[in-house]
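Asker: So here's work_3.pdb (PDB, C-alpha atoms).
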ATOM      1  CA  MET A1316      -4.415 -39.995  87.736
ATOM      2  CA  ALA A1317      -2.606 -36.700  88.399
ATOM      3  CA  ASP A1318      -3.404 -36.973  92.114
ATOM      4  CA  ILE A1319      -1.973 -40.496  92.207
ATOM      5  CA  ALA A1320       1.164 -39.371  90.356
ATOM      6  CA  THR A1321       1.622 -36.487  92.818
ATOM      7  CA  SER A1322       1.130 -38.887  95.704
ATOM      8  CA  PHE A1323       3.873 -41.104  94.312
ATOM      9  CA  LEU A1324       6.273 -38.171  93.996
ATOM     10  CA  LEU A1325       5.577 -37.166  97.602
ATOM     11  CA  TYR A1326       6.235 -40.760  98.654
ATOM     12  CA  LYS A1327       9.463 -40.742  96.633
ATOM     13  CA  LEU A1328      10.641 -37.549  98.337
ATOM     14  CA  ALA A1329       9.655 -38.730 101.801
ATOM     15  CA  LYS A1330      11.496 -42.027 101.345
ATOM     16  CA  ASN A1331      14.780 -40.111 101.322
ATOM     17  CA  TYR A1332      14.198 -38.871 104.865
ATOM     18  CA  PHE A1333      11.691 -41.153 106.590
ATOM     19  CA  SER A1334      10.885 -44.819 107.046
ATOM     20  CA  LEU A1335       8.944 -46.757 104.418
ATOM     21  CA  GLU A1336       5.825 -46.698 106.581
ATOM     22  CA  ILE A1337       5.904 -42.940 107.114
ATOM     23  CA  SER A1338       6.586 -42.363 103.413
ATOM     24  CA  ILE A1339       3.537 -44.422 102.454
ATOM     25  CA  LEU A1340       1.405 -42.513 104.958
ATOM     26  CA  ILE A1341       2.535 -39.177 103.501
ATOM     27  CA  GLY A1342       1.587 -40.280  99.994
ATOM     28  CA  ALA A1343      -1.728 -41.685 101.207
ATOM     29  CA  PHE A1344      -2.499 -38.513 103.163
ATOM     30  CA  TYR A1345      -2.368 -36.519  99.934
ATOM     31  CA  THR A1346      -4.352 -39.055  97.906
ATOM     32  CA  PHE A1347      -7.206 -39.277 100.411
ATOM     33  CA  ASN A1348      -7.171 -35.665 101.567
ATOM     34  CA  PRO A1349     -10.839 -34.520 101.353
ATOM     35  CA  ALA A1350      -9.836 -31.149  99.876
ATOM     36  CA  ILE A1351      -7.927 -32.904  97.082
ATOM     37  CA  LEU A1352     -10.768 -35.325  96.346
ATOM     38  CA  ILE A1353     -13.413 -32.585  96.300
ATOM     39  CA  ASN A1354     -11.342 -30.312  94.071
ATOM     40  CA  SER A1355     -10.490 -32.925  91.462
ATOM     41  CA  ALA A1356     -12.690 -36.030  91.535
ATOM     42  CA  VAL A1357     -15.853 -34.216  92.640
ATOM     43  CA  TRP A1358     -15.515 -30.638  91.389
ATOM     44  CA  ASP A1359     -13.618 -31.572  88.195
ATOM     45  CA  GLN A1360     -10.998 -28.800  88.472
ATOM     46  CA  VAL A1361      -7.596 -28.913  86.749
ATOM     47  CA  ASP A1362      -5.623 -28.026  89.886
ATOM     48  CA  SER A1363      -4.449 -31.644  90.178
ATOM     49  CA  PHE A1364      -2.345 -31.216  87.027
ATOM     50  CA  PHE A1365      -1.026 -27.874  88.251
ATOM     51  CA  THR A1366      -0.018 -29.425  91.586
ATOM     52  CA  LEU A1367       1.638 -32.351  89.814
ATOM     53  CA  ILE A1368       3.764 -29.941  87.771
ATOM     54  CA  ILE A1369       4.807 -27.971  90.872
ATOM     55  CA  VAL A1370       5.691 -31.089  92.892
ATOM     56  CA  SER A1371       7.617 -32.465  89.896
ATOM     57  CA  ALA A1372       9.607 -29.219  89.774
ATOM     58  CA  ILE A1373      10.458 -29.516  93.476
ATOM     59  CA  VAL A1374      11.573 -33.125  93.018
ATOM     60  CA  LEU A1375      13.787 -32.182  90.066
ATOM     61  CA  LEU A1376      15.235 -29.237  91.967
ATOM     62  CA  SER A1377      16.066 -31.466  94.923
ATOM     63  CA  GLU A1378      17.886 -33.755  92.476
ATOM     64  CA  LYS A1379      20.018 -30.833  91.207
ATOM     65  CA  LYS A1380      18.267 -30.838  87.813
ATOM     66  CA  MET A1381      17.935 -27.063  87.533
ATOM     67  CA  GLY A1382      17.104 -26.974  83.826
ATOM     68  CA  LEU A1383      14.292 -29.514  84.000
ATOM     69  CA  ALA A1384      12.980 -27.959  87.206
ATOM     70  CA  THR A1385      12.780 -24.607  85.405
ATOM     71  CA  VAL A1386      10.856 -26.226  82.554
ATOM     72  CA  MET A1387       8.270 -27.466  85.050
ATOM     73  CA  PHE A1388       8.057 -24.185  86.972
ATOM     74  CA  THR A1389       7.615 -22.241  83.710
ATOM     75  CA  SER A1390       4.933 -24.675  82.554
ATOM     76  CA  ALA A1391       3.104 -24.223  85.855
ATOM     77  CA  VAL A1392       3.139 -20.414  85.560
ATOM     78  CA  LEU A1393       1.847 -20.597  81.981
ATOM     79  CA  MET A1394      -0.896 -22.980  83.085
ATOM     80  CA  LYS A1395      -1.997 -20.815  86.021
ATOM     81  CA  PRO A1396      -0.526 -17.413  86.924
ATOM     82  CA  GLN A1397      -0.670 -18.486  90.590
ATOM     83  CA  GLY A1398       2.405 -20.570  89.822
ATOM     84  CA  ILE A1399       4.436 -17.369  90.238
ATOM     85  CA  ILE A1400       4.070 -17.845  93.996
ATOM     86  CA  PHE A1401       6.379 -20.871  93.797
ATOM     87  CA  LEU A1402       9.142 -19.200  91.769
ATOM     88  CA  PRO A1403      11.044 -17.947  94.857
ATOM     89  CA  VAL A1404      11.997 -21.575  95.505
ATOM     90  CA  ILE A1405      14.171 -21.748  92.408
ATOM     91  CA  PHE A1406      15.581 -18.267  93.064
ATOM     92  CA  PHE A1407      16.574 -19.354  96.582
ATOM     93  CA  GLU A1408      18.499 -22.266  95.097
ATOM     94  CA  LEU A1409      20.162 -20.038  92.503
ATOM     95  CA  ILE A1410      21.328 -17.660  95.204
ATOM     96  CA  ARG A1411      22.579 -20.569  97.294
ATOM     97  CA  GLN A1412      24.608 -21.990  94.403
ATOM     98  CA  LYS A1413      26.189 -18.624  93.484
ATOM     99  CA  SER A1414      26.795 -19.970  89.984
ATOM    100  CA  MET A1415      26.434 -17.848  86.847
ATOM    101  CA  LYS A1416      26.168 -21.074  84.841
ATOM    102  CA  SER A1417      23.050 -22.052  86.816
ATOM    103  CA  TRP A1418      21.500 -18.622  86.256
ATOM    104  CA  ILE A1419      22.099 -18.885  82.504
ATOM    105  CA  LYS A1420      20.677 -22.413  82.427
ATOM    106  CA  VAL A1421      17.538 -21.327  84.277
ATOM    107  CA  VAL A1422      16.962 -18.246  82.104
ATOM    108  CA  LEU A1423      17.465 -20.149  78.837
ATOM    109  CA  SER A1424      15.337 -23.102  79.994
ATOM    110  CA  GLY A1425      12.546 -20.770  81.054
ATOM    111  CA  LEU A1426      12.584 -18.783  77.807
ATOM    112  CA  PHE A1427      12.736 -21.914  75.644
ATOM    113  CA  THR A1428       9.832 -23.510  77.518
ATOM    114  CA  ALA A1429       7.739 -20.345  77.280
ATOM    115  CA  ILE A1430       8.341 -20.068  73.541
ATOM    116  CA  VAL A1431       7.525 -23.735  72.876
ATOM    117  CA  ILE A1432       4.287 -23.557  74.872
ATOM    118  CA  VAL A1433       3.075 -20.107  73.792
ATOM    119  CA  LEU A1434       4.047 -20.168  70.099
ATOM    120  CA  PRO A1435       1.416 -22.707  68.901
ATOM    121  CA  PHE A1436      -1.313 -20.475  70.376
ATOM    122  CA  SER A1437       0.113 -17.267  68.887
ATOM    123  CA  TRP A1438      -0.940 -17.556  65.254
ATOM    124  CA  ASN A1439      -2.954 -14.499  64.168
ATOM    125  CA  MET A1440      -2.473 -12.995  67.628
ATOM    126  CA  ASN A1441      -0.963  -9.688  68.704
ATOM    127  CA  GLY A1442       2.622 -10.068  69.911
ATOM    128  CA  LEU A1443       1.670  -8.926  73.412
ATOM    129  CA  TRP A1444      -1.408 -11.140  73.739
ATOM    130  CA  ILE A1445       0.084 -13.392  76.439
ATOM    131  CA  PHE A1446       0.869 -10.409  78.674
ATOM    132  CA  LYS A1447      -2.646  -9.017  78.201
ATOM    133  CA  LEU A1448      -4.084 -12.443  79.005
ATOM    134  CA  PHE A1449      -2.110 -12.690  82.235
ATOM    135  CA  SER A1450      -3.010  -9.172  83.346
ATOM    136  CA  SER A1451      -6.713  -9.776  82.672
ATOM    137  CA  THR A1452      -6.605 -13.151  84.432
ATOM    138  CA  LEU A1453      -5.091 -11.619  87.558
ATOM    139  CA  GLY A1454      -8.011  -9.211  87.730
ATOM    140  CA  GLU A1455     -10.758 -11.799  87.206
ATOM    141  CA  TYR A1456     -11.219 -12.687  90.877
ATOM    142  CA  PRO A1457     -11.680  -9.507  92.930
ATOM    143  CA  TYR A1458     -12.881 -11.562  95.881
ATOM    144  CA  ALA A1459     -11.487 -12.517  99.253
ATOM    145  CA  SER A1460     -11.923 -16.183  98.296
ATOM    146  CA  VAL A1461     -13.437 -18.169  95.428
ATOM    147  CA  ASN A1462     -14.437 -21.626  96.688
ATOM    148  CA  ALA A1463     -11.005 -22.121  98.253
ATOM    149  CA  PHE A1464     -10.187 -23.942 101.477
ATOM    150  CA  ASN A1465      -8.528 -20.954 103.115
ATOM    151  CA  PHE A1466      -8.742 -18.556 106.049
ATOM    152  CA  PHE A1467     -11.138 -16.151 104.334
ATOM    153  CA  SER A1468     -13.559 -18.980 103.572
ATOM    154  CA  LEU A1469     -13.505 -19.924 107.258
ATOM    155  CA  LEU A1470     -14.564 -16.331 107.991
ATOM    156  CA  GLY A1471     -17.462 -16.680 105.541
ATOM    157  CA  LYS A1472     -15.890 -14.384 102.949
ATOM    158  CA  ASN A1473     -16.392 -16.631  99.918
ATOM    159  CA  PHE A1474     -17.235 -14.442  96.894
ATOM    160  CA  VAL A1475     -17.060 -11.328  99.082
ATOM    161  CA  SER A1476     -15.280  -8.352  97.484
ATOM    162  CA  ASP A1477     -11.590  -8.202  98.366
ATOM    163  CA  ALA A1478     -12.078  -4.496  99.044
ATOM    164  CA  GLY A1479     -13.652  -5.422 102.393
ATOM    165  CA  THR A1480     -11.492  -4.874 105.442
ATOM    166  CA  VAL A1481     -10.278  -6.559 108.613
ATOM    167  CA  LEU A1482      -8.657  -4.272 111.189
ATOM    168  CA  GLY A1483      -8.729  -1.520 108.605
ATOM    169  CA  ILE A1484      -6.754  -3.507 106.015
ATOM    170  CA  SER A1485      -8.405  -4.860 102.846
ATOM    171  CA  TYR A1486      -8.686  -8.588 102.230
ATOM    172  CA  HIS A1487      -6.543  -8.115  99.125
ATOM    173  CA  SER A1488      -3.799  -6.438 101.137
ATOM    174  CA  TRP A1489      -3.947  -9.155 103.790
ATOM    175  CA  GLY A1490      -3.489 -11.752 101.048
ATOM    176  CA  MET A1491      -0.506  -9.969  99.512
ATOM    177  CA  LEU A1492       1.029  -9.396 102.945
ATOM    178  CA  SER A1493       0.669 -13.108 103.718
ATOM    179  CA  ILE A1494       2.459 -14.056 100.498
ATOM    180  CA  VAL A1495       5.329 -11.679 101.285
ATOM    181  CA  LEU A1496       5.653 -12.948 104.866
ATOM    182  CA  ILE A1497       5.554 -16.610 103.816
ATOM    183  CA  THR A1498       8.212 -15.938 101.171
ATOM    184  CA  ALA A1499      10.397 -14.137 103.718
ATOM    185  CA  VAL A1500      10.044 -16.935 106.280
ATOM    186  CA  SER A1501      10.805 -19.514 103.575
ATOM    187  CA  TRP A1502      13.971 -17.598 102.678
ATOM    188  CA  VAL A1503      15.116 -17.513 106.303
ATOM    189  CA  LEU A1504      14.503 -21.253 106.679
ATOM    190  CA  TYR A1505      16.280 -21.911 103.395
ATOM    191  CA  ILE A1506      19.452 -20.000 104.204
ATOM    192  CA  LYS A1507      19.559 -21.507 107.690
ATOM    193  CA  GLY A1508      19.070 -25.002 106.277
ATOM    194  CA  LYS A1509      22.355 -24.664 104.338
ATOM    195  CA  THR A1510      21.512 -27.700 102.187
ATOM    196  CA  ARG A1511      19.125 -28.521  99.360
ATOM    197  CA  ASN A1512      17.155 -30.781 101.730
ATOM    198  CA  ILE A1513      15.304 -27.733 103.042
ATOM    199  CA  LEU A1514      13.416 -27.713  99.713
ATOM    200  CA  GLN A1515      11.262 -30.501 101.018
TER
END
Let's see the structure in the file written out as structure tokens.

Answerer:
Amino acid sequence: MADIATSFLLYKLAKNYFSLEISILIGAFYTFNPAILINSAVWDQVDSFFTLIIVSAIVLLSEKKMGLATVMFTSAVLMKPQGIIFLPVIFFELIRQKSMKSWIKVVLSGLFTAIVIVLPFSWNMNGLWIFKLFSSTLGEYPYASVNAFNFFSLLGKNFVSDAGTVLGISYHSWGMLSIVLITAVSWVLYIKGKTRNILQ
């Protein structure tokens, strides 16, 4: 159901820029993507819900709904720490707007969402438990890849220690470097796009 909802949102976004036929194809491409089907319908992972939250945030951001977009981004990060990778998108938009009001709205929306989600799980817990949980989660997968459809898996590095090296650089460092480079390229494309449409 989450995959279908995400497919619809992608179709909705595409319809603003492409023909009806192309928009339907884009939605269908996601729905019937083998990687998506294996991850959710076959492997029973929760990534479909995570992806739905992220795509919803992008849709809301493209519709100038900064507060609601922040709610979704914050929810995604609290669901899976990997959601942090997508946060530069909202920061790019904040910088583009150059509005203190938008910054305040984003900060308050993020804090409120975090409190509402975390508080019910905080009874009888240490005040710093959420930070300890995140730090421990980030260290749970010291591997180049864990059943992911990525470059390291293509090299046969699934469940291989991320301390291994390619060209003298560890797999972990290659991964972090890739994230930094992708973020930098995204920023360049964003500022050159000059409009919110570059979000898509």

Asker: With distances taken over all atoms listed in the file, which residue among A:Ala1372, A:Val1433, A:Leu1324, A:Ile1319 lies nearest Phe1347 of chain A?

Answerer: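 Distance minimum relative to Phe1347 of chain A lands on A:Ile1319.
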
Asker: Of the candidates A:Leu1434, A:Phe1446, A:Met1387, A:Ser1414, which one gets nearest to Leu1375 of chain A if we count all atoms listed in the file?

Answerer: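 Under the stated criterion, the closest residue is A:Met1387.
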
Asker: Considering only C-alpha atoms, can you say which of A:Ala1429, A:Leu1402, A:Leu1423, A:Leu1352 comes closest to Phe1388 of chain A?

Answerer: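 Nearest to Phe1388 of chain A: A:Leu1402.
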
Asker: Do you have the atom CA of Phe1407 of chain A-atom CA of Met1394 of chain A distance handy?

Answerer: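 Going from atom CA of Phe1407 of chain A over to atom CA of Met1394 of chain A covers 22.4 Å.
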
Asker: Just to confirm, what's the straight-line distance from atom CA of Met1491 of chain A to atom CA of Phe1364 of chain A in Å (one decimal)?

Answerer: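 Here the two named atoms are 24.7 Å from each other.
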
Asker: List the residues matched by the PyMOL selection byres ((chain A and resi 1461) around 9) in the displayed structure as a short mmCIF file (atom, residue, chain, number, x, y, z; two decimals) with C-alpha atoms, keeping the file's coordinate frame, ordered by chain and then by residue number.

Answerer:
data_model
loop_
_atom_site.label_atom_id
_atom_site.label_comp_id
_atom_site.auth_asym_id
_atom_site.auth_seq_id
_atom_site.Cartn_x
_atom_site.Cartn_y
_atom_site.Cartn_z
CA TYR A 1456 -11.22 -12.69 90.88
CA TYR A 1458 -12.88 -11.56 95.88
CA ALA A 1459 -11.49 -12.52 99.25
CA SER A 1460 -11.92 -16.18 98.30
CA ASN A 1462 -14.44 -21.63 96.69
CA ALA A 1463 -11.00 -22.12 98.25
CA PHE A 1464 -10.19 -23.94 101.48
CA SER A 1468 -13.56 -18.98 103.57
CA LYS A 1472 -15.89 -14.38 102.95
CA ASN A 1473 -16.39 -16.63 99.92
CA PHE A 1474 -17.24 -14.44 96.89
CA VAL A 1475 -17.06 -11.33 99.08
#

Asker: Taking only C-alpha atoms into account, which of A:Ile1445, A:Met1440, A:Ala1391, A:Val1481 comes nearest Gly1425 of chain A?

Answerer: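 So, comparing all the options, the nearest one is A:Ala1391.
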
Asker: Thr1321 of chain A: which residues within 12 Å, counting all atoms listed in the file, same-chain residues fewer than 6 positions away excluded, as a PyMOL selection string?

Answerer: chain A and resi 1327-1328+1341-1347+1351+1362-1374

Asker: Could you write out that same residue set with C-alpha atoms as a compact mmCIF listing (two decimals), in the frame of the given file?

Answerer:
# COMPACT_ATOMS: atom_id res chain seq x y z
CA LYS A 1327 9.46 -40.74 96.63
CA LEU A 1328 10.64 -37.55 98.34
CA ILE A 1341 2.54 -39.18 103.50
CA GLY A 1342 1.59 -40.28 99.99
CA ALA A 1343 -1.73 -41.68 101.21
CA PHE A 1344 -2.50 -38.51 103.16
CA TYR A 1345 -2.37 -36.52 99.93
CA THR A 1346 -4.35 -39.06 97.91
CA PHE A 1347 -7.21 -39.28 100.41
CA ILE A 1351 -7.93 -32.90 97.08
CA ASP A 1362 -5.62 -28.03 89.89
CA SER A 1363 -4.45 -31.64 90.18
CA PHE A 1364 -2.35 -31.22 87.03
CA PHE A 1365 -1.03 -27.87 88.25
CA THR A 1366 -0.02 -29.42 91.59
CA LEU A 1367 1.64 -32.35 89.81
CA ILE A 1368 3.76 -29.94 87.77
CA ILE A 1369 4.81 -27.97 90.87
CA VAL A 1370 5.69 -31.09 92.89
CA SER A 1371 7.62 -32.47 89.90
CA ALA A 1372 9.61 -29.22 89.77
CA ILE A 1373 10.46 -29.52 93.48
CA VAL A 1374 11.57 -33.12 93.02
